[in-house]
Amino acid sequence: MGAGIGGLACAHELSKDPNYDITVIERWGTVGGLARINPISVEDESSSPLYSEYCWKAISYSYVYLLQIMQEIGVLENLLPLRTFLYDNGTLEYGNSFVTELDLLRSGLLSFGATWGDIAKLAILYLYVKALPESFAQTYDSIPWNDYAHFLSPVARRWLVDSTAIYLGMDYKKISTYTIFRFIRAPRVVSNLVNPNFRFYSLNGRMDTHFLDIWRDHLIKAGVNFVLNKEITSVMTATKHYVTTQDVTATYIRDYDVYSADILVNAMDVGSLAKLFPKYNTLAAIGTYVQCQVMIRFPSVVMGESIMEKWAEAHGITLSQSSIFSKRGGIGRELRGAVYICANSPWFLMARYEASLWTKGNGPLSIGIGIWDVKGLNNKTALECTREELAKECWMQFVGKCSELAAQEMPEYDIWNTVFYHPQRKTLDTIEPKFSNNAGTYHLRPEIYEADTKLYHATAYAKTNMDIYNMESAAEAGTRAAQLIIAHHK
Ligand SMILES: Cc1cc2nc3c(=O)[nH]c(=O)nc-3n(C[C@H](O)[C@H](O)[C@H](O)COP(=O)(O)OP(=O)(O)OC[C@H]3O[C@@H](n4cnc5c(N)ncnc54)[C@H](O)[C@@H]3O)c2cc1C
């Protein structure tokens with residue numbers, strides 16, 4: 001049930017065993033779930049379709065399950081290292097990245113004005129968290145990390161608390177302290193610190209053409225059946241399971257189909273799961289939030305490139321052909337796939353210019369919003385904005401102190417079409433909410449197999465070793481669900 005990364009990973013692993021007859025039912029016409037892209041047809045003279053990726057996805061070197069699958073279907077060479085991170089305070093990182101890296105933590109904290117006192121407190125916290133017995137560590141799940149980290153100075157909190165949640169794609173105010181503790185306690189954190197190969201990657205192209213469609217075709221060849229554009233509306237479990245679906249493409253007459261199966265795998269988002277199995281209602285209510293990416297579409301690739309250069313220069317970063325220099329010291333060497341981090345913007349925007357990744361169409365700038373509940377320059381939070389206001393505000397915040405860009409007209413924009421402004425509630429909403437490891441969710445999240453419902457959970461919010469809502473967690477849950485199915489039915 002569901003063709004996101006988790007559902008595909010489960011089908012992938014099961015398809016290696018010829019004893020299984022596998023059908024994947026998906027409500028959309030494309031596979032990949034939240035990791036897919038959104039095709040938009042543009043009526044320009046070239047009439048080439050412009051694809052707006054939901055957003056670029058970071059794939060970590062430490063993603064064991066996902067990288068294994070990518071190797072098996074032959075797409076590993078499509079990975080592009082994310083090497084350069086440009087900050088709006090003029091700092092620059094190059095090489096190993098994100099908050100798991102010790103050197104970055106130290107340089108990041110100091111360059112953002114944190115004190116040595118903060119660093120000492122964090123070192124003590126690190127030792128404390130490492131020493132905690134597991135059952136005691138779990139009691140921290142009820143505390144939001146934002147509240148727990150009050151002992152840090154405000155600047156360190158902004159850098160460490162806000163940005164950690166934002167980099168992990170989580171709700172920065174609600175992310176559970178236990179999730180952060182698990183991150184600290186994981187053995188991979190230590191090995192990553194000393195591993196020179198530790199990198200983040202993204203795809204050197206679109207998620208569909210460079211990964212998801214290749215995967216779907218691989219699965220079809222392996223005998224997996226896909227039923228697309230069918231939304232599962234009810235499930236009946238007896239000795240056999242019966243799944244009813246509705247055709248989502250039919251406008252007036254709804255087509256109903258019933259499928260039967262011996263084994264059911266849930267690979268849907270938590271909201272859909274709760275509709276079918278009410279025991280997950282609380283999890284769905286407290287564990288999700290709206291997150292989306294705004295695509296700014298430039299009239300020409302050249303203009304897009306010059307916009308990014310102007311932005312960098314206005315923020316004290318000089319770009320030369322082979323190197324990038326920061327006014328605060330530091331040198332980067334790779335602009336392709338560079339990430340622009342507007343840490344000082346009210347919504348903590350992260351942007352990436354994607355022209356180099358796209359073979360056709362205009363080069364889009366993809367902007368992600370990190371903070372959804374703080375007022376922007378228009379005096380509204382991201383959640384209170386209409387789609388138009390959201391795009392305009394992102395552009396204004398991104399432009400920031402670059403007066404040359406501020407003088408330009410805002411380019412065209414696009415927002416993933418499942419995100420909409422709810423006229424009654426007067427807030428932004430989505431029919432595809434993103435799960436966040438919020439405080440209080442750990443004990444509500446399903447194990448990969450649940451005996452009472454006889455359901456296998458191949459989803460990123462299941463309890464996994466990765467335990468953070470991302471593509472690796474989905475790939476892990478999917479693979480392990482398949483392995484459990486095979487073990488249980490030997
Ligand atoms: C903006 C954004 C940025 C992200 N960035 C990253 C990143 O950089 N790195 C990373 O690793 N992860 C990232 N993630 C997280 C990652 O995309 C998800 O964790 C992962 O894709 C979830 O996979 P899944 O298979 O568990 O669920 P989903 O992708 O939600 O798949 C569920 C599938 O089930 C289908 N479905 C739901 N209900 C029904 C129904 N009733 N009937 C039939 N089908 C149904 C859905 O249409 C969907 O295809 C990001 C997510 C978002 C939203």
# chains A, B, ... in the order shown; residues from 1 in each chain; ligands from 1
call {"tool": "closest_atom_pairs", "arguments": {"of": "chain A", "to": "ligand 1", "cutoff": "7 Å", "atoms": "only C-alpha atoms and all ligand atoms", "output": "JSON lines"}}
result
{"residue": "A:Met1", "atom": "CA", "partner": "ligand 1", "partner_atom_place_in_ligand_line": "43 (C)", "distance": 5.6}
{"residue": "A:Gly2", "atom": "CA", "partner": "ligand 1", "partner_atom_place_in_ligand_line": "34 (O)", "distance": 3.3}
{"residue": "A:Ala3", "atom": "CA", "partner": "ligand 1", "partner_atom_place_in_ligand_line": "49 (O)", "distance": 4.6}
{"residue": "A:Gly4", "atom": "CA", "partner": "ligand 1", "partner_atom_place_in_ligand_line": "31 (O)", "distance": 3.4}
{"residue": "A:Ile5", "atom": "CA", "partner": "ligand 1", "partner_atom_place_in_ligand_line": "25 (O)", "distance": 3.9}
{"residue": "A:Gly6", "atom": "CA", "partner": "ligand 1", "partner_atom_place_in_ligand_line": "25 (O)", "distance": 3.6}
{"residue": "A:Gly7", "atom": "CA", "partner": "ligand 1", "partner_atom_place_in_ligand_line": "25 (O)", "distance": 5.6}
{"residue": "A:Ile25", "atom": "CA", "partner": "ligand 1", "partner_atom_place_in_ligand_line": "43 (C)", "distance": 5.6}
{"residue": "A:Glu26", "atom": "CA", "partner": "ligand 1", "partner_atom_place_in_ligand_line": "44 (N)", "distance": 3.8}
{"residue": "A:Arg27", "atom": "CA", "partner": "ligand 1", "partner_atom_place_in_ligand_line": "43 (C)", "distance": 4.0}
{"residue": "A:Trp28", "atom": "CA", "partner": "ligand 1", "partner_atom_place_in_ligand_line": "47 (O)", "distance": 5.5}
{"residue": "A:Val31", "atom": "CA", "partner": "ligand 1", "partner_atom_place_in_ligand_line": "49 (O)", "distance": 6.0}
{"residue": "A:Gly32", "atom": "CA", "partner": "ligand 1", "partner_atom_place_in_ligand_line": "49 (O)", "distance": 5.7}
{"residue": "A:Gly33", "atom": "CA", "partner": "ligand 1", "partner_atom_place_in_ligand_line": "49 (O)", "distance": 3.2}
{"residue": "A:Leu34", "atom": "CA", "partner": "ligand 1", "partner_atom_place_in_ligand_line": "29 (O)", "distance": 3.8}
{"residue": "A:Ala35", "atom": "CA", "partner": "ligand 1", "partner_atom_place_in_ligand_line": "17 (O)", "distance": 4.4}
{"residue": "A:Tyr54", "atom": "CA", "partner": "ligand 1", "partner_atom_place_in_ligand_line": "1 (C)", "distance": 6.4}
{"residue": "A:Cys55", "atom": "CA", "partner": "ligand 1", "partner_atom_place_in_ligand_line": "1 (C)", "distance": 5.8}
{"residue": "A:Trp56", "atom": "CA", "partner": "ligand 1", "partner_atom_place_in_ligand_line": "8 (O)", "distance": 6.4}
{"residue": "A:Lys57", "atom": "CA", "partner": "ligand 1", "partner_atom_place_in_ligand_line": "8 (O)", "distance": 3.4}
{"residue": "A:Ala58", "atom": "CA", "partner": "ligand 1", "partner_atom_place_in_ligand_line": "8 (O)", "distance": 3.6}
{"residue": "A:Ile59", "atom": "CA", "partner": "ligand 1", "partner_atom_place_in_ligand_line": "9 (N)", "distance": 5.5}
{"residue": "A:Gly169", "atom": "CA", "partner": "ligand 1", "partner_atom_place_in_ligand_line": "4 (C)", "distance": 6.0}
{"residue": "A:Lys230", "atom": "CA", "partner": "ligand 1", "partner_atom_place_in_ligand_line": "43 (C)", "distance": 6.0}
{"residue": "A:Glu231", "atom": "CA", "partner": "ligand 1", "partner_atom_place_in_ligand_line": "42 (N)", "distance": 3.6}
{"residue": "A:Ile232", "atom": "CA", "partner": "ligand 1", "partner_atom_place_in_ligand_line": "42 (N)", "distance": 3.7}
{"residue": "A:Thr233", "atom": "CA", "partner": "ligand 1", "partner_atom_place_in_ligand_line": "41 (N)", "distance": 5.8}
{"residue": "A:Ala267", "atom": "CA", "partner": "ligand 1", "partner_atom_place_in_ligand_line": "32 (C)", "distance": 5.5}
{"residue": "A:Met268", "atom": "CA", "partner": "ligand 1", "partner_atom_place_in_ligand_line": "34 (O)", "distance": 3.6}
{"residue": "A:Asp269", "atom": "CA", "partner": "ligand 1", "partner_atom_place_in_ligand_line": "30 (O)", "distance": 4.4}
{"residue": "A:Ser272", "atom": "CA", "partner": "ligand 1", "partner_atom_place_in_ligand_line": "38 (N)", "distance": 4.7}
{"residue": "A:Gln291", "atom": "CA", "partner": "ligand 1", "partner_atom_place_in_ligand_line": "1 (C)", "distance": 5.5}
{"residue": "A:Cys292", "atom": "CA", "partner": "ligand 1", "partner_atom_place_in_ligand_line": "1 (C)", "distance": 4.7}
{"residue": "A:Gln293", "atom": "CA", "partner": "ligand 1", "partner_atom_place_in_ligand_line": "1 (C)", "distance": 5.6}
{"residue": "A:Gly368", "atom": "CA", "partner": "ligand 1", "partner_atom_place_in_ligand_line": "1 (C)", "distance": 7.0}
{"residue": "A:Lys434", "atom": "CA", "partner": "ligand 1", "partner_atom_place_in_ligand_line": "53 (C)", "distance": 5.4}
{"residue": "A:Ala458", "atom": "CA", "partner": "ligand 1", "partner_atom_place_in_ligand_line": "26 (O)", "distance": 6.7}
{"residue": "A:Thr459", "atom": "CA", "partner": "ligand 1", "partner_atom_place_in_ligand_line": "26 (O)", "distance": 3.5}
{"residue": "A:Ala460", "atom": "CA", "partner": "ligand 1", "partner_atom_place_in_ligand_line": "26 (O)", "distance": 3.8}
{"residue": "A:Tyr461", "atom": "CA", "partner": "ligand 1", "partner_atom_place_in_ligand_line": "26 (O)", "distance": 6.4}
{"residue": "A:Tyr469", "atom": "CA", "partner": "ligand 1", "partner_atom_place_in_ligand_line": "19 (O)", "distance": 4.6}
{"residue": "A:Asn470", "atom": "CA", "partner": "ligand 1", "partner_atom_place_in_ligand_line": "19 (O)", "distance": 3.2}
{"residue": "A:Met471", "atom": "CA", "partner": "ligand 1", "partner_atom_place_in_ligand_line": "11 (O)", "distance": 3.8}
{"residue": "A:Glu472", "atom": "CA", "partner": "ligand 1", "partner_atom_place_in_ligand_line": "11 (O)", "distance": 5.7}
{"residue": "A:Ser473", "atom": "CA", "partner": "ligand 1", "partner_atom_place_in_ligand_line": "19 (O)", "distance": 7.0}
{"residue": "A:Ala474", "atom": "CA", "partner": "ligand 1", "partner_atom_place_in_ligand_line": "26 (O)", "distance": 4.6}
call {"tool": "write_last_selection", "arguments": {"atoms": "N, CA and C atoms", "output": "CSV table (one decimal), in the first residue's frame"}}
result
chain,number,residue,atom,x,y,z
A,1,MET,N,0.9,-1.2,0.0
A,1,MET,CA,0.0,0.0,0.0
A,1,MET,C,0.9,1.2,0.0
A,2,GLY,N,1.1,1.8,-1.2
A,2,GLY,CA,1.9,3.0,-1.3
A,2,GLY,C,3.2,2.7,-2.1
A,3,ALA,N,3.5,3.6,-3.0
A,3,ALA,CA,4.8,3.4,-3.8
A,3,ALA,C,5.8,4.5,-3.5
A,4,GLY,N,6.0,4.9,-2.2
A,4,GLY,CA,7.1,5.7,-1.8
A,4,GLY,C,8.3,4.9,-1.8
A,5,ILE,N,9.4,5.5,-1.2
A,5,ILE,CA,10.7,4.8,-1.1
A,5,ILE,C,10.5,3.5,-0.3
A,6,GLY,N,9.7,3.6,0.8
A,6,GLY,CA,9.5,2.4,1.6
A,6,GLY,C,8.8,1.3,0.9
A,7,GLY,N,7.7,1.6,0.2
A,7,GLY,CA,7.0,0.6,-0.6
A,7,GLY,C,7.8,0.0,-1.7
A,25,ILE,N,0.1,-0.8,-4.8
A,25,ILE,CA,-1.1,0.1,-5.1
A,25,ILE,C,-0.7,1.5,-4.7
A,26,GLU,N,-0.9,2.4,-5.6
A,26,GLU,CA,-0.4,3.8,-5.4
A,26,GLU,C,-1.5,4.8,-5.9
A,27,ARG,N,-1.8,5.8,-5.1
A,27,ARG,CA,-2.9,6.7,-5.5
A,27,ARG,C,-2.5,7.7,-6.6
A,28,TRP,N,-1.1,8.0,-6.7
A,28,TRP,CA,-0.7,8.9,-7.8
A,28,TRP,C,-0.3,8.1,-9.0
A,31,VAL,N,5.6,7.0,-9.2
A,31,VAL,CA,6.1,6.4,-8.0
A,31,VAL,C,7.1,7.3,-7.3
A,32,GLY,N,7.4,7.0,-6.0
A,32,GLY,CA,8.4,7.8,-5.3
A,32,GLY,C,7.9,8.5,-4.1
A,33,GLY,N,6.6,8.7,-4.0
A,33,GLY,CA,6.0,9.4,-2.9
A,33,GLY,C,6.6,10.8,-2.7
A,34,LEU,N,7.0,11.1,-1.5
A,34,LEU,CA,7.5,12.5,-1.2
A,34,LEU,C,8.8,12.7,-1.9
A,35,ALA,N,9.5,11.7,-2.4
A,35,ALA,CA,10.8,11.9,-3.0
A,35,ALA,C,10.6,12.1,-4.6
A,54,TYR,N,10.2,18.3,-6.3
A,54,TYR,CA,9.6,18.6,-5.0
A,54,TYR,C,10.6,19.4,-4.2
A,55,CYS,N,11.8,18.8,-4.2
A,55,CYS,CA,13.0,19.6,-3.8
A,55,CYS,C,14.2,18.7,-4.0
A,56,TRP,N,15.4,19.3,-4.0
A,56,TRP,CA,16.6,18.4,-4.1
A,56,TRP,C,16.7,17.6,-2.8
A,57,LYS,N,17.2,16.4,-2.9
A,57,LYS,CA,17.2,15.6,-1.7
A,57,LYS,C,18.7,15.3,-1.4
A,58,ALA,N,19.0,15.5,-0.1
A,58,ALA,CA,20.4,15.1,0.4
A,58,ALA,C,20.4,13.7,0.7
A,59,ILE,N,21.4,13.0,0.1
A,59,ILE,CA,21.6,11.6,0.4
A,59,ILE,C,23.0,11.4,1.1
A,169,GLY,N,15.1,18.2,8.3
A,169,GLY,CA,13.8,18.4,7.7
A,169,GLY,C,12.7,18.2,8.8
A,230,LYS,N,-4.9,4.6,-8.0
A,230,LYS,CA,-5.9,4.0,-7.2
A,230,LYS,C,-5.6,4.3,-5.7
A,231,GLU,N,-6.6,5.0,-5.1
A,231,GLU,CA,-6.4,5.3,-3.7
A,231,GLU,C,-7.1,4.2,-2.8
A,232,ILE,N,-6.4,3.7,-1.9
A,232,ILE,CA,-7.0,2.7,-1.0
A,232,ILE,C,-7.9,3.4,0.0
A,233,THR,N,-9.2,2.9,0.0
A,233,THR,CA,-10.2,3.6,0.9
A,233,THR,C,-10.6,2.8,2.0
A,267,ALA,N,2.8,1.1,3.4
A,267,ALA,CA,3.9,2.0,3.0
A,267,ALA,C,3.3,3.4,2.7
A,268,MET,N,2.2,3.7,3.4
A,268,MET,CA,1.5,5.0,3.1
A,268,MET,C,2.0,6.0,4.2
A,269,ASP,N,1.6,7.3,3.9
A,269,ASP,CA,1.9,8.3,4.9
A,269,ASP,C,1.0,8.1,6.1
A,272,SER,N,-2.8,8.8,6.0
A,272,SER,CA,-3.6,7.8,5.2
A,272,SER,C,-3.8,6.5,6.1
A,291,GLN,N,5.3,21.0,5.0
A,291,GLN,CA,6.6,21.4,4.6
A,291,GLN,C,6.6,21.4,3.1
A,292,CYS,N,7.1,22.5,2.5
A,292,CYS,CA,7.2,22.4,1.0
A,292,CYS,C,8.3,23.3,0.5
A,293,GLN,N,8.5,23.2,-0.7
A,293,GLN,CA,9.7,23.8,-1.4
A,293,GLN,C,9.1,24.8,-2.4
A,368,GLY,N,13.8,26.1,0.2
A,368,GLY,CA,13.1,25.4,1.3
A,368,GLY,C,13.0,26.3,2.5
A,434,LYS,N,4.2,16.1,6.0
A,434,LYS,CA,5.5,15.4,6.2
A,434,LYS,C,5.6,15.0,7.7
A,458,ALA,N,6.4,-0.5,6.1
A,458,ALA,CA,7.6,-0.2,5.2
A,458,ALA,C,7.6,1.3,5.0
A,459,THR,N,7.8,2.1,6.1
A,459,THR,CA,7.7,3.5,6.0
A,459,THR,C,8.7,4.2,6.8
A,460,ALA,N,9.0,5.4,6.5
A,460,ALA,CA,10.1,6.2,7.2
A,460,ALA,C,9.7,6.5,8.6
A,461,TYR,N,8.5,6.4,9.0
A,461,TYR,CA,8.1,6.7,10.4
A,461,TYR,C,8.0,5.5,11.3
A,469,TYR,N,13.0,10.6,10.1
A,469,TYR,CA,12.1,10.5,9.0
A,469,TYR,C,12.9,11.0,7.7
A,470,ASN,N,13.4,10.0,7.0
A,470,ASN,CA,14.1,10.4,5.7
A,470,ASN,C,14.1,9.2,4.8
A,471,MET,N,14.7,9.3,3.6
A,471,MET,CA,14.7,8.3,2.6
A,471,MET,C,15.4,7.0,3.1
A,472,GLU,N,16.4,7.1,3.9
A,472,GLU,CA,17.1,6.0,4.4
A,472,GLU,C,16.3,5.2,5.3
A,473,SER,N,15.5,5.9,6.2
A,473,SER,CA,14.7,5.2,7.1
A,473,SER,C,13.6,4.4,6.4
A,474,ALA,N,13.1,5.0,5.3
A,474,ALA,CA,12.1,4.3,4.4
A,474,ALA,C,12.7,3.1,3.8
call {"tool": "select_by_dssp", "arguments": {"residues": "stretch 223-425 of chain A", "states": "alpha helix (DSSP H)", "output": "VMD selection string"}}
result
chain A and resid 270 to 276 281 to 286 301 to 314 387 to 399 403 to 406
call {"tool": "closest_residue", "arguments": {"among": "A:Ala382, A:Val243, A:Ile69, A:Ile263", "to": "A:His488", "atoms": "only C-alpha atoms"}}
result
A:Ile263
call {"tool": "residues_around", "arguments": {"residues": "A:Thr84", "least_positions_apart": "6", "cutoff": "12 Å", "atoms": "only C-alpha atoms", "output": "count of residues only"}}
result
30
call {"tool": "closest_residue", "arguments": {"among": "A:Ser345, A:Ser202, A:Asn266, A:Ser60", "to": "A:Asp88", "atoms": "only C-alpha atoms"}}
result
A:Ser345
call {"tool": "closest_residue", "arguments": {"among": "A:Leu428, A:Ile119, A:Met466, A:Met350", "to": "A:Ser153", "atoms": "only C-alpha atoms"}}
result
A:Ile119
call {"tool": "select_by_dssp", "arguments": {"residues": "stretch 72-231 of chain A", "states": "strand (DSSP E or B)", "output": "list of chain:residue names"}}
result
A:Leu79, A:Leu80, A:Pro81, A:Thr84, A:Phe85, A:Leu86, A:Tyr87, A:Leu92, A:Glu93, A:Tyr94, A:Pro144, A:Ile175, A:Ser176, A:Phe200, A:Tyr201, A:Ser202, A:Leu203, A:Asn225, A:Phe226, A:Val227, A:Lys230, A:Glu231
call {"tool": "residues_around", "arguments": {"residues": "A:Ile468", "least_positions_apart": "6", "cutoff": "10 Å", "atoms": "only C-alpha atoms", "output": "ChimeraX atom specification"}}
result
/A:168-170,179-180,182-183,435-437,460-462,474
call {"tool": "closest_residue", "arguments": {"among": "A:Asp171, A:Met295, A:Thr115, A:Glu134", "to": "A:Arg157", "atoms": "only C-alpha atoms"}}
result
A:Thr115
call {"tool": "atom_distance", "arguments": {"atom1": "atom CA of A:Thr164", "atom2": "atom CA of A:Pro133"}}
result
23.7 Å
call {"tool": "decode", "arguments": {"residues": "stretch 385-415 of chain A", "atoms": "N, CA and C atoms", "output": "CSV table (one decimal), in the first residue's frame"}}
result
chain,number,residue,atom,x,y,z
A,385,CYS,N,0.4,32.2,5.0
A,385,CYS,CA,0.5,32.8,3.6
A,385,CYS,C,-0.3,32.0,2.6
A,386,THR,N,-0.8,32.7,1.6
A,386,THR,CA,-1.3,32.0,0.4
A,386,THR,C,-0.1,31.5,-0.4
A,387,ARG,N,-0.3,30.7,-1.4
A,387,ARG,CA,0.8,30.2,-2.2
A,387,ARG,C,1.5,31.4,-2.8
A,388,GLU,N,0.8,32.4,-3.3
A,388,GLU,CA,1.4,33.5,-4.0
A,388,GLU,C,2.3,34.3,-2.9
A,389,GLU,N,1.7,34.5,-1.8
A,389,GLU,CA,2.4,35.3,-0.7
A,389,GLU,C,3.7,34.5,-0.3
A,390,LEU,N,3.6,33.2,-0.2
A,390,LEU,CA,4.7,32.4,0.2
A,390,LEU,C,5.9,32.6,-0.8
A,391,ALA,N,5.5,32.5,-2.1
A,391,ALA,CA,6.6,32.6,-3.1
A,391,ALA,C,7.2,34.0,-3.1
A,392,LYS,N,6.4,35.0,-3.0
A,392,LYS,CA,6.9,36.4,-3.0
A,392,LYS,C,7.8,36.6,-1.8
A,393,GLU,N,7.3,36.1,-0.6
A,393,GLU,CA,8.1,36.3,0.6
A,393,GLU,C,9.4,35.6,0.6
A,394,CYS,N,9.4,34.4,0.0
A,394,CYS,CA,10.7,33.6,-0.1
A,394,CYS,C,11.7,34.4,-1.0
A,395,TRP,N,11.1,34.9,-2.1
A,395,TRP,CA,12.0,35.7,-3.0
A,395,TRP,C,12.6,36.9,-2.2
A,396,MET,N,11.8,37.6,-1.5
A,396,MET,CA,12.2,38.8,-0.8
A,396,MET,C,13.2,38.5,0.3
A,397,GLN,N,13.0,37.4,1.0
A,397,GLN,CA,13.9,37.0,2.1
A,397,GLN,C,15.2,36.5,1.5
A,398,PHE,N,15.1,35.8,0.4
A,398,PHE,CA,16.3,35.2,-0.3
A,398,PHE,C,17.2,36.4,-0.8
A,399,VAL,N,16.5,37.3,-1.5
A,399,VAL,CA,17.3,38.5,-2.0
A,399,VAL,C,18.0,39.2,-0.9
A,400,GLY,N,17.4,39.4,0.2
A,400,GLY,CA,18.0,40.0,1.4
A,400,GLY,C,18.7,41.3,1.1
A,401,LYS,N,20.0,41.3,1.5
A,401,LYS,CA,20.6,42.6,1.4
A,401,LYS,C,21.2,42.9,0.0
A,402,CYS,N,20.9,42.0,-1.0
A,402,CYS,CA,21.4,42.3,-2.4
A,402,CYS,C,20.5,43.2,-3.1
A,403,SER,N,20.8,44.5,-3.1
A,403,SER,CA,20.0,45.6,-3.6
A,403,SER,C,19.7,45.4,-5.1
A,404,GLU,N,20.8,44.9,-5.8
A,404,GLU,CA,20.7,44.6,-7.3
A,404,GLU,C,19.5,43.7,-7.6
A,405,LEU,N,19.4,42.6,-6.8
A,405,LEU,CA,18.3,41.7,-7.0
A,405,LEU,C,17.0,42.2,-6.6
A,406,ALA,N,17.0,43.0,-5.5
A,406,ALA,CA,15.8,43.6,-5.0
A,406,ALA,C,15.1,44.5,-6.0
A,407,ALA,N,15.9,45.1,-6.9
A,407,ALA,CA,15.4,46.0,-7.9
A,407,ALA,C,14.8,45.2,-9.0
A,408,GLN,N,15.0,43.9,-9.1
A,408,GLN,CA,14.5,43.1,-10.2
A,408,GLN,C,13.1,42.6,-9.9
A,409,GLU,N,12.4,42.4,-11.0
A,409,GLU,CA,11.0,41.8,-10.8
A,409,GLU,C,11.1,40.4,-10.4
A,410,MET,N,10.2,39.9,-9.6
A,410,MET,CA,10.3,38.6,-9.1
A,410,MET,C,10.0,37.6,-10.3
A,411,PRO,N,10.9,36.6,-10.5
A,411,PRO,CA,10.7,35.6,-11.6
A,411,PRO,C,9.4,34.8,-11.3
A,412,GLU,N,9.0,34.0,-12.3
A,412,GLU,CA,7.9,33.0,-12.1
A,412,GLU,C,8.2,32.1,-11.0
A,413,TYR,N,7.1,31.5,-10.4
A,413,TYR,CA,7.4,30.5,-9.4
A,413,TYR,C,6.4,29.3,-9.5
A,414,ASP,N,6.7,28.3,-8.7
A,414,ASP,CA,5.8,27.2,-8.6
A,414,ASP,C,6.0,26.5,-7.2
A,415,ILE,N,4.9,26.0,-6.8
A,415,ILE,CA,4.9,25.3,-5.5
A,415,ILE,C,4.2,24.0,-5.7
